[in-house]
Amino acid sequence: MKIAFLINNAYGIGGTIRATANLSGAFADRHEVEVVSVHRVQDEPAISLDPRVRLTSLIDMREDSAAYEGNDPLTEQPCTMFPDTGAAANATRLPYSALQDDRIGDWLRTTDADIVIATRPDLNGYLARDGQPRYLRIGQEHLSLDAHDPVLRGQQNQAIAGLDAFITVSEADAAQYRVELSDVATVVQCIPNAVPTPAVHPSTLDSNVIVAAGRLVSVKRYDRLIDAFSKVADAHPDWTLRIYGRGPEKKTLRARIDELGLYDRIFLMGPVSPIETEWAKGAIAAVSSDMESFGMTIVEAMHCGVPVIATDCPHGPAEIIDSDDNGLLVDLSSGTDGYAAALDHLMSDHELRVRMGAAAREKAAMFAPAAIGGRYEALFQVLANSRTRSSRRAAASALWSRLRSAIPAPSAAASPPDAATATPDNVLLPRPTANARVAADGTVTVCFDGATLPSEPLDFLIRMRRDPKGREIRLPIPNLTETAPASSDLHIVLDPIAHDLAEGRWDCYISSQSTPASRTRLSCNLAEQAPRVGRDPILADNHVIARLPYATNDGYLAVRAWQRPAHAEAITLSVADDRADVTARLITSTQVSLPATATVIAVSRHEETHDLPLPVTAIQPDSGHFTFSIPYPQALSRRADHHDLWDLFLKLDHDTAPIPIGRIGGDITDRKTTDTVPAALLTHATLGQTRAKPFFTVTNDLALSLRSVESGQASAKSAAE
C-alpha cells in the first residue's frame, strides 16, 4: 500500500515536519511511503527522513538552482484556496499563488497513492477539492480549532466535509471539532503525534540547566518562563535557563532578559536540530505556553528522561503529563508565581527529578512511532470497511484487498518491507553517517552507522580545517566486514592525551585504506555534548584542553578543539553603564599560583599604543579565582577608529606569555551568539556616540568592542563582531 504525505515545506525544522518524518518512518516498515513537499528551499532536508521514504517536491524555490521556479508567470496570479484568510500566504517567504494551485491540483489528480495525508488547513482544502475518490483522503490538524481565526476556521470546516477523516493531536481538540462538525459524516479522531525514542543517552538530571524549545512566538509565553525564573534565580545561583528556537519574539525576549540583569543566566540558544541532544543536557524541561495543540517537545524531553513543568493549557499537556508523577502541571490562573513555585520545587529536589524522569520515559513510550502508526492503520481499516458499504464499493475493493495484505492482525508479527518499495529507484545511496559523544574527561567517541559505509577496510580521518601544515590523524575503523557491515561496535576513540588536536576546527572523514588519498566527509546524525555541561576545561599532557563534537551548518561531523599552555575561564560577566565586571579562574597544568602582581591587559587589534592595562581587584591564589573590571571611559580614551576591538589576557608577570580569558569549558561550541550582554552607550569627543560591549569571539575568548553609531541608531543593538 502506498501512503503519501502532502506538506508545505519538508526542508525546515518545525513540529509538523518532525511529526511527518516520524510517522512516515513508522509506515515505511510495511508500506511504500512518499513525502511530497510543495516547496523545496534547500538541497537537503534539515530533519532527515527514513531512507526508505521517498521525498519529492512540487516547486523548486532554491534561488541558486537552475530549476528555480519562484519567477514563474503563475506566481503573478492569486491563489484560489482560502483566498480571504491569508492562510496560504505562509508569511512572505513562501507565498501561495496560482502556481501552487496548478502543481498541488495536478499532483492530487495523478498520484498513485492509496492514502493521501494533508498536514495543514490550506492543504486540507486542496485535498478536499482536488483529491480523488480512488484513495483515502485524510486531513491533519497540527494546531487546534481555537488557533485559527473565524474565517479560516469556517473555510477549513467546509473542506473537512470532503475528507474521509480528520485527525487532531489532542482529544480535547477532537471533541471541539465534533461539536462544530456534528452534521458532517467525516470521521474526526484524535491520534497524537509520533515521537521516537532518541539514540541519545538520557539526562543525568544533575546539570542545573532548565531547557525550553520551540518557536519564539507570543503564544509560547517565554516571557512567563523568564519572569518565573527571575523570581527563583537568587535562591538557585548555580542554575541557568536555555531557550532554543527562532521567531519574531526574540528581540522582545532579549530585552526582557537584559532588563532583569539575567543575561549571564538565561541564554537564547537559537534553533538546533535534532533537539534531543539539548533536552539531554537539561535537569528540567519547561513549557510555558498559553496553548499547545499537542506538545511534541514535552514527549521529546520525556524520552530523554527529563521531567517537564508545563502550564495546564489547552490542549495537549494534560493529555501527556500525569502531574506529580512524570512532571508538573501549573494552573494558568496561578500566573508567574505559580510557575516559579513549580520551578523552585523541582530545582530543590534532585531525587524527585530522578523519580519523575524515570516515569517520564515510561510515559513517552506510548508515543513511539510504531504505536502511533498502528493507530493510523486501524483507522485505515475502519475507513476501508466504510467504503465497502458505500456506493463506491467497486472502487474500494482493491484498496481493501491491499490493506488486508499490508496490515497484519494485531497478534501477528510485522513482515519485512518489500525491497522494491522500501528503496525507491530515485533514492540516492546514503552518505556515510556517524554519531559522536564527548565524555566528561574529554574523550570523543565516534560511532559509525555501518549500513552507510562501504564494505571495505576504512580509516577514520580527522583533518584540521584550513591548516597550512595539513595536520591529520588516521585511525582504522574496526570490525567492518562484508558479512557484518552494520555492527554496533563500529567506533573509534579520540583520546585527549594520545591524539593531539591543535586548537581549531577539525573535519571528519572516512578514507579507503586501499586509496588513502581519497576521503568522504562524515554526516553527523547526533553530536552529544551533555557530559561536558558545566565542566571546566581538562588538564592533559601539559595543556589545557577542551573538545566538542558538533554538526556543521551543512550537517557534517566536526570537532572543535582548544589546546593551550594556560587559560583563564570566565565564570561571571556583568555590565553596567560605565564598565563590565568579570570573575575568572586561572587553569594551568603547571600549578602556577596567581601572584599579587597579576594584571589583565586589553590588547588592541589596532596597535600596541592603544593597549589598556586593567588592574585585578581581587585574587584568590589557591583557587586561581580573580576579578577585574573593564572601565568603558578608559577604553573610550584609547579609541583609534570607528570600530575598535580589544582582546583580553591575563598577565602573571613581565616574563610569562599572556593567557587568554574566555569560555572554552562546558558544552557550547560557539559562545558568540549565545553568551551575549547588553551594550552601553557613551559619547566620544570626536567620534560621537559609541556602543561599548564585551563579547565572545569566534574562538570563545573574551573581547571588548567600541563602535561608533549613528545618532538616530543609538540603541543597544546586538553586536555583530
# chains A, B, ... in the order shown; residues from 1 in each chain; ligands from 1
call {"tool": "select_by_dssp", "arguments": {"residues": "segment 103-249 of chain A", "states": "strand (DSSP E or B)", "output": "list of chain:residue names"}}
result
A:Ile115, A:Val116, A:Ile117, A:Ala118, A:Leu136, A:Arg137, A:Ile138, A:Gly139, A:Gln140, A:Glu141, A:Ala165, A:Phe166, A:Ile167, A:Thr168, A:Val187, A:Val188, A:Gln189, A:Cys190, A:Val209, A:Ile210, A:Val211, A:Ala212, A:Ala213, A:Thr240, A:Leu241, A:Arg242, A:Ile243, A:Tyr244
call {"tool": "write_last_selection", "arguments": {"atoms": "N, CA, C and O atoms", "output": "compact mmCIF listing (two decimals), in the first residue's frame"}}
result
# COMPACT_ATOMS: atom_id res chain seq x y z
N ILE A 115 -3.45 6.25 -0.05
CA ILE A 115 -3.87 7.13 1.05
C ILE A 115 -3.06 8.41 0.92
O ILE A 115 -1.84 8.38 0.75
N VAL A 116 -3.72 9.55 0.99
CA VAL A 116 -3.04 10.85 0.99
C VAL A 116 -3.38 11.55 2.29
O VAL A 116 -4.55 11.66 2.68
N ILE A 117 -2.34 12.02 2.98
CA ILE A 117 -2.50 12.72 4.26
C ILE A 117 -2.00 14.14 4.08
O ILE A 117 -0.82 14.37 3.78
N ALA A 118 -2.89 15.12 4.25
CA ALA A 118 -2.53 16.53 4.17
C ALA A 118 -2.28 17.06 5.57
O ALA A 118 -2.89 16.60 6.54
N LEU A 136 -7.96 7.15 -0.08
CA LEU A 136 -8.43 7.75 1.17
C LEU A 136 -7.83 9.13 1.33
O LEU A 136 -6.62 9.33 1.13
N ARG A 137 -8.64 10.08 1.75
CA ARG A 137 -8.21 11.47 1.92
C ARG A 137 -8.31 11.83 3.40
O ARG A 137 -9.41 11.88 3.95
N ILE A 138 -7.16 12.06 4.01
CA ILE A 138 -7.09 12.29 5.45
C ILE A 138 -6.42 13.63 5.72
O ILE A 138 -5.31 13.89 5.24
N GLY A 139 -7.10 14.48 6.45
CA GLY A 139 -6.53 15.76 6.84
C GLY A 139 -6.01 15.71 8.27
O GLY A 139 -6.51 14.95 9.10
N GLN A 140 -4.99 16.50 8.54
CA GLN A 140 -4.42 16.59 9.89
C GLN A 140 -4.53 18.02 10.40
O GLN A 140 -4.41 18.98 9.65
N GLU A 141 -4.71 18.13 11.71
CA GLU A 141 -4.69 19.42 12.41
C GLU A 141 -3.49 19.41 13.35
O GLU A 141 -3.48 18.67 14.34
N ALA A 165 -11.40 11.41 6.64
CA ALA A 165 -11.12 11.50 8.07
C ALA A 165 -10.33 12.77 8.34
O ALA A 165 -9.62 13.29 7.47
N PHE A 166 -10.46 13.25 9.56
CA PHE A 166 -9.74 14.45 10.01
C PHE A 166 -9.14 14.13 11.37
O PHE A 166 -9.86 13.72 12.29
N ILE A 167 -7.82 14.29 11.49
CA ILE A 167 -7.09 13.85 12.68
C ILE A 167 -6.57 15.05 13.46
O ILE A 167 -5.89 15.92 12.91
N THR A 168 -6.90 15.10 14.74
CA THR A 168 -6.32 16.08 15.65
C THR A 168 -5.27 15.39 16.52
O THR A 168 -5.22 14.16 16.59
N VAL A 187 -15.02 11.25 9.57
CA VAL A 187 -14.55 10.72 10.86
C VAL A 187 -13.57 11.72 11.46
O VAL A 187 -12.58 12.10 10.83
N VAL A 188 -13.86 12.18 12.68
CA VAL A 188 -12.95 13.07 13.40
C VAL A 188 -12.38 12.29 14.57
O VAL A 188 -13.12 11.79 15.42
N GLN A 189 -11.07 12.16 14.60
CA GLN A 189 -10.43 11.28 15.59
C GLN A 189 -9.15 11.91 16.08
O GLN A 189 -8.45 12.62 15.34
N CYS A 190 -8.81 11.65 17.33
CA CYS A 190 -7.53 12.09 17.89
C CYS A 190 -6.51 10.97 17.75
O CYS A 190 -6.74 9.84 18.21
N VAL A 209 20.47 22.83 34.64
CA VAL A 209 20.06 23.57 33.44
C VAL A 209 18.58 23.31 33.18
O VAL A 209 18.13 22.16 33.19
N ILE A 210 17.83 24.38 32.97
CA ILE A 210 16.43 24.30 32.54
C ILE A 210 16.40 24.52 31.04
O ILE A 210 17.01 25.48 30.54
N VAL A 211 15.72 23.66 30.31
CA VAL A 211 15.70 23.73 28.85
C VAL A 211 14.26 23.95 28.37
O VAL A 211 13.33 23.30 28.85
N ALA A 212 14.11 24.89 27.44
CA ALA A 212 12.84 25.10 26.75
C ALA A 212 13.15 25.19 25.26
O ALA A 212 14.23 25.63 24.87
N ALA A 213 12.20 24.78 24.43
CA ALA A 213 12.45 24.78 22.99
C ALA A 213 11.15 24.96 22.23
O ALA A 213 10.12 24.39 22.60
N THR A 240 20.87 27.69 35.39
CA THR A 240 20.71 28.54 34.21
C THR A 240 19.50 28.07 33.41
O THR A 240 19.01 26.95 33.59
N LEU A 241 19.03 28.93 32.52
CA LEU A 241 17.89 28.65 31.65
C LEU A 241 18.34 28.82 30.21
O LEU A 241 18.94 29.84 29.85
N ARG A 242 18.03 27.81 29.38
CA ARG A 242 18.33 27.87 27.96
C ARG A 242 17.03 27.77 27.17
O ARG A 242 16.24 26.86 27.40
N ILE A 243 16.86 28.69 26.22
CA ILE A 243 15.67 28.69 25.36
C ILE A 243 16.14 28.52 23.92
O ILE A 243 16.88 29.35 23.39
N TYR A 244 15.70 27.43 23.29
CA TYR A 244 16.10 27.10 21.92
C TYR A 244 14.98 27.47 20.95
O TYR A 244 13.82 27.23 21.23
call {"tool": "select_by_dssp", "arguments": {"residues": "segment 532-709 of chain A", "states": "alpha helix (DSSP H)", "output": "VMD selection string"}}
result
chain A and resid 632 to 637
call {"tool": "closest_residue", "arguments": {"among": "A:Phe448, A:Trp239, A:Trp562, A:Phe294", "to": "Tyr509 of chain A", "atoms": "only C-alpha atoms"}}
result
A:Phe448
call {"tool": "closest_residue", "arguments": {"among": "A:Leu49, A:Ala657, A:Leu557, A:Ala540", "to": "Ile510 of chain A", "atoms": "only C-alpha atoms"}}
result
A:Leu557
call {"tool": "closest_residue", "arguments": {"among": "A:Asn193, A:Glu608, A:Leu453, A:Ser57", "to": "Gly373 of chain A", "atoms": "only C-alpha atoms"}}
result
A:Asn193
call {"tool": "residues_around", "arguments": {"residues": "segment 271-288 of chain A", "least_positions_apart": "6", "cutoff": "8 Å", "atoms": "only C-alpha atoms", "output": "compact mmCIF listing (two decimals) with N, CA and C atoms, in the first residue's frame"}}
result
# COMPACT_ATOMS: atom_id res chain seq x y z
N ILE A 13 12.44 22.86 10.15
CA ILE A 13 12.62 22.11 11.40
C ILE A 13 11.41 22.23 12.32
N ALA A 46 16.49 19.51 6.64
CA ALA A 46 17.16 19.69 7.93
C ALA A 46 16.86 18.53 8.86
N ILE A 47 15.67 17.97 8.74
CA ILE A 47 15.28 16.79 9.52
C ILE A 47 15.27 15.60 8.57
N PRO A 198 14.87 8.74 21.15
CA PRO A 198 16.13 9.16 20.51
C PRO A 198 17.28 8.25 20.90
N VAL A 200 20.06 9.30 21.90
CA VAL A 200 20.92 9.98 22.87
C VAL A 200 20.87 9.29 24.22
N HIS A 201 21.92 9.45 25.00
CA HIS A 201 21.92 8.96 26.37
C HIS A 201 20.96 9.82 27.19
N PRO A 202 20.18 9.24 28.08
CA PRO A 202 19.26 10.03 28.90
C PRO A 202 20.01 11.03 29.77
N SER A 203 19.30 12.05 30.18
CA SER A 203 19.88 13.05 31.06
C SER A 203 20.23 12.45 32.42
N THR A 204 21.32 12.95 33.00
CA THR A 204 21.68 12.57 34.37
C THR A 204 20.95 13.43 35.39
N LEU A 205 20.29 14.48 34.94
CA LEU A 205 19.44 15.35 35.77
C LEU A 205 20.20 16.11 36.84
N ASP A 206 21.51 16.25 36.68
CA ASP A 206 22.29 16.99 37.66
C ASP A 206 23.00 18.20 37.04
N SER A 207 22.53 18.63 35.88
CA SER A 207 23.22 19.69 35.15
C SER A 207 22.89 21.09 35.66
N ASN A 208 21.82 21.23 36.43
CA ASN A 208 21.34 22.55 36.87
C ASN A 208 20.99 23.45 35.69
N VAL A 209 20.47 22.83 34.64
CA VAL A 209 20.06 23.57 33.44
C VAL A 209 18.58 23.31 33.18
N ILE A 210 17.83 24.38 32.97
CA ILE A 210 16.43 24.30 32.54
C ILE A 210 16.40 24.52 31.04
N VAL A 211 15.72 23.66 30.31
CA VAL A 211 15.70 23.73 28.85
C VAL A 211 14.26 23.95 28.37
N ALA A 212 14.11 24.89 27.44
CA ALA A 212 12.84 25.10 26.75
C ALA A 212 13.15 25.19 25.26
N LYS A 220 3.76 31.00 23.02
CA LYS A 220 4.63 30.13 23.81
C LYS A 220 4.95 30.74 25.18
N ARG A 221 4.74 32.02 25.34
CA ARG A 221 4.88 32.74 26.61
C ARG A 221 6.22 32.49 27.30
N TYR A 222 7.29 32.63 26.51
CA TYR A 222 8.61 32.53 27.12
C TYR A 222 8.87 33.69 28.07
N ARG A 224 6.75 34.54 30.31
CA ARG A 224 6.32 33.97 31.60
C ARG A 224 7.44 33.13 32.21
N LEU A 225 8.08 32.33 31.39
CA LEU A 225 9.16 31.48 31.87
C LEU A 225 10.33 32.31 32.38
N TYR A 244 15.70 27.43 23.29
CA TYR A 244 16.10 27.10 21.92
C TYR A 244 14.98 27.47 20.95
N GLY A 245 15.37 28.02 19.80
CA GLY A 245 14.39 28.32 18.76
C GLY A 245 14.63 29.67 18.13
N ARG A 246 13.88 29.93 17.09
CA ARG A 246 13.91 31.24 16.42
C ARG A 246 12.48 31.74 16.29
N ILE A 298 7.23 18.21 24.76
CA ILE A 298 7.05 17.55 26.05
C ILE A 298 7.48 16.09 25.95
N GLU A 300 9.38 14.71 23.63
CA GLU A 300 10.81 14.64 23.32
C GLU A 300 11.64 14.72 24.60
N ALA A 301 11.31 15.66 25.47
CA ALA A 301 12.04 15.79 26.72
C ALA A 301 11.85 14.57 27.61
N CYS A 304 13.98 11.69 26.90
CA CYS A 304 15.35 11.87 27.39
C CYS A 304 15.43 11.78 28.91
N GLY A 305 14.31 11.40 29.54
CA GLY A 305 14.31 11.23 30.99
C GLY A 305 14.27 12.53 31.76
N VAL A 306 13.77 13.60 31.14
CA VAL A 306 13.73 14.91 31.79
C VAL A 306 12.29 15.22 32.21
N PRO A 307 12.05 15.48 33.49
CA PRO A 307 10.69 15.86 33.90
C PRO A 307 10.32 17.23 33.36
N VAL A 308 9.05 17.38 33.00
CA VAL A 308 8.58 18.60 32.35
C VAL A 308 7.66 19.37 33.28
N ILE A 309 7.90 20.66 33.38
CA ILE A 309 6.96 21.58 34.02
C ILE A 309 6.21 22.28 32.90
N ALA A 310 4.90 22.13 32.84
CA ALA A 310 4.11 22.72 31.77
C ALA A 310 2.89 23.42 32.33
N THR A 311 2.50 24.49 31.69
CA THR A 311 1.22 25.11 32.02
C THR A 311 0.10 24.16 31.62
N LEU A 346 11.10 21.67 41.82
CA LEU A 346 11.95 20.68 41.16
C LEU A 346 13.43 21.03 41.24
N MET A 347 13.76 22.31 41.21
CA MET A 347 15.16 22.71 41.31
C MET A 347 15.74 22.33 42.66
N ARG A 353 13.44 14.77 40.86
CA ARG A 353 13.69 14.83 39.42
C ARG A 353 14.03 13.45 38.86
N LEU A 526 23.99 12.51 15.33
CA LEU A 526 23.88 13.11 16.65
C LEU A 526 25.28 13.49 17.15
N ALA A 527 25.38 14.63 17.78
CA ALA A 527 26.61 15.04 18.46
C ALA A 527 26.25 15.33 19.91
N GLU A 528 26.62 14.44 20.80
CA GLU A 528 26.22 14.55 22.21
C GLU A 528 27.32 15.24 23.01
N GLN A 529 26.94 16.31 23.68
CA GLN A 529 27.87 17.12 24.47
C GLN A 529 27.47 17.20 25.94
N ALA A 530 26.37 16.51 26.32
CA ALA A 530 25.81 16.65 27.66
C ALA A 530 26.81 16.38 28.79
N PRO A 531 27.71 15.39 28.67
CA PRO A 531 28.63 15.15 29.79
C PRO A 531 29.56 16.32 30.10
N VAL A 533 28.53 19.57 30.21
CA VAL A 533 27.78 20.73 30.72
C VAL A 533 28.36 21.15 32.07
call {"tool": "atom_distance", "arguments": {"atom1": "atom CA of Leu108 of chain A", "atom2": "atom CA of Ser37 of chain A"}}
result
12.6 Å
call {"tool": "closest_residue", "arguments": {"among": "A:Ile545, A:Leu650, A:Val709, A:Leu636", "to": "Thr597 of chain A", "atoms": "only C-alpha atoms"}}
result
A:Leu650
call {"tool": "residues_around", "arguments": {"residues": "Arg638 of chain A", "least_positions_apart": "5", "cutoff": "12 Å", "atoms": "only C-alpha atoms", "output": "VMD selection string"}}
result
chain A and resid 602 to 613 631 to 633 643 to 646 684 687 706
call {"tool": "write_last_selection", "arguments": {"atoms": "N, CA and C atoms", "output": "short mmCIF file (atom, residue, chain, number, x, y, z; two decimals), in the first residue's frame"}}
result
data_model
loop_
_atom_site.label_atom_id
_atom_site.label_comp_id
_atom_site.auth_asym_id
_atom_site.auth_seq_id
_atom_site.Cartn_x
_atom_site.Cartn_y
_atom_site.Cartn_z
N ALA A 602 44.06 44.58 28.07
CA ALA A 602 43.21 44.60 26.88
C ALA A 602 44.10 44.96 25.70
N VAL A 603 44.35 44.00 24.83
CA VAL A 603 45.29 44.17 23.73
C VAL A 603 44.54 44.67 22.50
N SER A 604 44.92 45.84 22.04
CA SER A 604 44.25 46.46 20.90
C SER A 604 44.58 45.72 19.61
N ARG A 605 43.57 45.54 18.78
CA ARG A 605 43.81 44.97 17.46
C ARG A 605 44.29 46.04 16.48
N HIS A 606 44.34 47.29 16.95
CA HIS A 606 44.78 48.39 16.09
C HIS A 606 46.30 48.53 16.16
N GLU A 607 46.81 48.84 17.34
CA GLU A 607 48.25 48.90 17.53
C GLU A 607 48.54 48.92 19.03
N GLU A 608 49.78 48.60 19.37
CA GLU A 608 50.16 48.39 20.77
C GLU A 608 49.94 49.61 21.64
N THR A 609 50.09 50.81 21.07
CA THR A 609 49.94 52.02 21.88
C THR A 609 48.53 52.19 22.43
N HIS A 610 47.58 51.44 21.90
CA HIS A 610 46.20 51.54 22.37
C HIS A 610 45.85 50.43 23.36
N ASP A 611 46.84 49.62 23.75
CA ASP A 611 46.59 48.60 24.77
C ASP A 611 46.15 49.26 26.07
N LEU A 612 45.32 48.54 26.82
CA LEU A 612 44.76 49.10 28.05
C LEU A 612 45.02 48.15 29.21
N PRO A 613 45.92 48.50 30.16
CA PRO A 613 46.12 47.64 31.34
C PRO A 613 44.96 47.79 32.31
N PRO A 631 36.81 49.36 32.49
CA PRO A 631 36.18 50.69 32.55
C PRO A 631 36.00 51.26 31.15
N TYR A 632 34.76 51.46 30.75
CA TYR A 632 34.49 51.94 29.40
C TYR A 632 35.10 53.31 29.12
N PRO A 633 35.04 54.27 30.07
CA PRO A 633 35.63 55.59 29.75
C PRO A 633 37.11 55.51 29.42
N HIS A 643 35.59 51.62 14.75
CA HIS A 643 35.31 50.35 15.39
C HIS A 643 36.61 49.80 15.95
N ASP A 644 36.73 49.85 17.28
CA ASP A 644 37.94 49.37 17.95
C ASP A 644 37.64 48.07 18.68
N LEU A 645 38.61 47.17 18.67
CA LEU A 645 38.48 45.88 19.33
C LEU A 645 39.70 45.61 20.19
N TRP A 646 39.43 45.09 21.39
CA TRP A 646 40.50 44.69 22.30
C TRP A 646 40.26 43.24 22.74
N HIS A 684 31.96 60.13 22.64
CA HIS A 684 33.36 60.44 22.37
C HIS A 684 33.43 61.82 21.75
N LEU A 687 34.49 61.15 17.88
CA LEU A 687 33.86 60.04 17.17
C LEU A 687 32.37 59.92 17.47
N LEU A 706 34.21 48.64 20.83
CA LEU A 706 33.71 50.02 20.86
C LEU A 706 33.45 50.43 19.43
#
call {"tool": "residues_around", "arguments": {"residues": "Asp264 of chain A", "least_positions_apart": "2", "cutoff": "9 Å", "atoms": "only C-alpha atoms", "output": "mmCIF file with N, CA and C atoms, in the first residue's frame"}}
result
data_model
loop_
_atom_site.group_PDB
_atom_site.id
_atom_site.type_symbol
_atom_site.label_atom_id
_atom_site.label_comp_id
_atom_site.auth_asym_id
_atom_site.auth_seq_id
_atom_site.Cartn_x
_atom_site.Cartn_y
_atom_site.Cartn_z
ATOM 1 N N THR A 240 20.871 27.694 35.388
ATOM 2 C CA THR A 240 20.714 28.541 34.207
ATOM 3 C C THR A 240 19.496 28.068 33.410
ATOM 4 N N GLY A 261 18.671 41.765 34.154
ATOM 5 C CA GLY A 261 20.066 41.544 34.501
ATOM 6 C C GLY A 261 20.447 40.071 34.527
ATOM 7 N N LEU A 262 19.723 39.231 33.779
ATOM 8 C CA LEU A 262 19.956 37.789 33.814
ATOM 9 C C LEU A 262 20.604 37.284 32.521
ATOM 10 N N ILE A 266 20.352 33.423 31.629
ATOM 11 C CA ILE A 266 19.339 32.993 30.668
ATOM 12 C C ILE A 266 19.915 33.190 29.272
ATOM 13 N N PHE A 267 19.887 32.122 28.468
ATOM 14 C CA PHE A 267 20.546 32.153 27.171
ATOM 15 C C PHE A 267 19.565 31.808 26.057
ATOM 16 N N THR A 572 31.791 34.622 35.552
ATOM 17 C CA THR A 572 30.662 35.551 35.512
ATOM 18 C C THR A 572 31.055 36.789 34.717
ATOM 19 N N LEU A 573 30.056 37.378 34.094
ATOM 20 C CA LEU A 573 30.248 38.602 33.319
ATOM 21 C C LEU A 573 29.027 39.476 33.535
ATOM 22 N N SER A 574 29.220 40.645 34.135
ATOM 23 C CA SER A 574 28.115 41.573 34.365
ATOM 24 C C SER A 574 28.518 42.954 33.869
ATOM 25 N N ASP A 675 26.145 33.679 24.494
ATOM 26 C CA ASP A 675 26.572 34.381 25.712
ATOM 27 C C ASP A 675 26.735 35.859 25.393
ATOM 28 N N THR A 676 25.631 36.577 25.371
ATOM 29 C CA THR A 676 25.654 37.990 24.997
ATOM 30 C C THR A 676 25.225 38.857 26.168
ATOM 31 N N VAL A 677 25.739 40.075 26.202
ATOM 32 C CA VAL A 677 25.412 41.022 27.271
ATOM 33 C C VAL A 677 24.949 42.327 26.640
#
call {"tool": "atom_distance", "arguments": {"atom1": "atom CA of Gly154 of chain A", "atom2": "atom CA of Thr16 of chain A"}}
result
21.9 Å
call {"tool": "atom_distance", "arguments": {"atom1": "atom CA of Arg560 of chain A", "atom2": "atom CA of Arg437 of chain A"}}
result
12.7 Å
call {"tool": "closest_residue", "arguments": {"among": "A:Asp467, A:Asp667, A:Asp449, A:Asp489", "to": "Ala546 of chain A", "atoms": "only C-alpha atoms"}}
result
A:Asp667
call {"tool": "residues_around", "arguments": {"residues": "Pro658 of chain A", "least_positions_apart": "2", "cutoff": "10 Å", "atoms": "only C-alpha atoms", "output": "PyMOL selection string"}}
result
chain A and resi 566-567+599-601+603+648-656+660-661
call {"tool": "residues_around", "arguments": {"residues": "segment 322-333 of chain A", "least_positions_apart": "6", "cutoff": "8 Å", "atoms": "only C-alpha atoms", "output": "list of chain:residue names"}}
result
A:Asp290, A:Pro307, A:Val308, A:Ile309, A:Ala310, A:Thr311, A:Asp312, A:Cys313, A:Tyr339, A:Ala342, A:Arg355, A:Met356, A:Gly357, A:Ala358, A:Ala359, A:Ala360, A:Lys363
call {"tool": "write_last_selection", "arguments": {"atoms": "C-alpha atoms", "output": "JSON list (two decimals), in the first residue's frame"}}
result
[["chain", "number", "residue", "atom", "x", "y", "z"],
["A", 290, "ASP", "CA", -0.97, 29.70, 26.74],
["A", 307, "PRO", "CA", 10.69, 15.86, 33.90],
["A", 308, "VAL", "CA", 8.58, 18.60, 32.35],
["A", 309, "ILE", "CA", 6.96, 21.58, 34.02],
["A", 310, "ALA", "CA", 4.11, 22.72, 31.77],
["A", 311, "THR", "CA", 1.22, 25.11, 32.02],
["A", 312, "ASP", "CA", -2.07, 23.25, 32.14],
["A", 313, "CYS", "CA", -3.15, 24.95, 28.93],
["A", 339, "TYR", "CA", 5.20, 28.67, 37.58],
["A", 342, "ALA", "CA", 6.93, 24.73, 40.37],
["A", 355, "ARG", "CA", 11.89, 9.68, 40.09],
["A", 356, "MET", "CA", 9.88, 11.83, 37.69],
["A", 357, "GLY", "CA", 12.46, 11.40, 34.93],
["A", 358, "ALA", "CA", 12.16, 7.62, 35.06],
["A", 359, "ALA", "CA", 8.36, 7.84, 34.97],
["A", 360, "ALA", "CA", 8.59, 10.31, 32.09],
["A", 363, "LYS", "CA", 5.05, 7.54, 29.59]]
call {"tool": "closest_atom_pairs", "arguments": {"of": "segment 155-271 of chain A", "to": "segment 64-85 of chain A", "cutoff": "12 Å", "atoms": "only C-alpha atoms", "output": "tab-separated table"}}
result
residue	atom	partner	partner_atom	distance
A:Gln155	CA	A:Phe82	CA	6.7
A:Gln156	CA	A:Phe82	CA	8.3
A:Asn157	CA	A:Phe82	CA	11.5
A:Gln158	CA	A:Phe82	CA	10.8
A:Ala159	CA	A:Phe82	CA	10.0
call {"tool": "write_last_selection", "arguments": {"atoms": "N, CA, C and O atoms", "output": "PDB file, in the first residue's frame"}}
result
ATOM      1  N   GLN A 155     -13.781  28.063   6.715  1.00  0.00           N
ATOM      2  CA  GLN A 155     -13.425  27.503   5.418  1.00  0.00           C
ATOM      3  C   GLN A 155     -12.831  26.107   5.552  1.00  0.00           C
ATOM      4  O   GLN A 155     -13.117  25.219   4.740  1.00  0.00           O
ATOM      5  N   GLN A 156     -11.986  25.891   6.574  1.00  0.00           N
ATOM      6  CA  GLN A 156     -11.446  24.550   6.752  1.00  0.00           C
ATOM      7  C   GLN A 156     -12.562  23.581   7.146  1.00  0.00           C
ATOM      8  O   GLN A 156     -12.581  22.435   6.685  1.00  0.00           O
ATOM      9  N   ASN A 157     -13.481  24.005   7.983  1.00  0.00           N
ATOM     10  CA  ASN A 157     -14.591  23.127   8.366  1.00  0.00           C
ATOM     11  C   ASN A 157     -15.394  22.679   7.145  1.00  0.00           C
ATOM     12  O   ASN A 157     -15.840  21.530   7.067  1.00  0.00           O
ATOM     13  N   GLN A 158     -15.591  23.586   6.185  1.00  0.00           N
ATOM     14  CA  GLN A 158     -16.281  23.202   4.960  1.00  0.00           C
ATOM     15  C   GLN A 158     -15.463  22.179   4.188  1.00  0.00           C
ATOM     16  O   GLN A 158     -16.004  21.216   3.628  1.00  0.00           O
ATOM     17  N   ALA A 159     -14.132  22.363   4.167  1.00  0.00           N
ATOM     18  CA  ALA A 159     -13.278  21.421   3.443  1.00  0.00           C
ATOM     19  C   ALA A 159     -13.277  20.051   4.100  1.00  0.00           C
ATOM     20  O   ALA A 159     -13.233  19.021   3.412  1.00  0.00           O
TER      21      ALA A 159
END
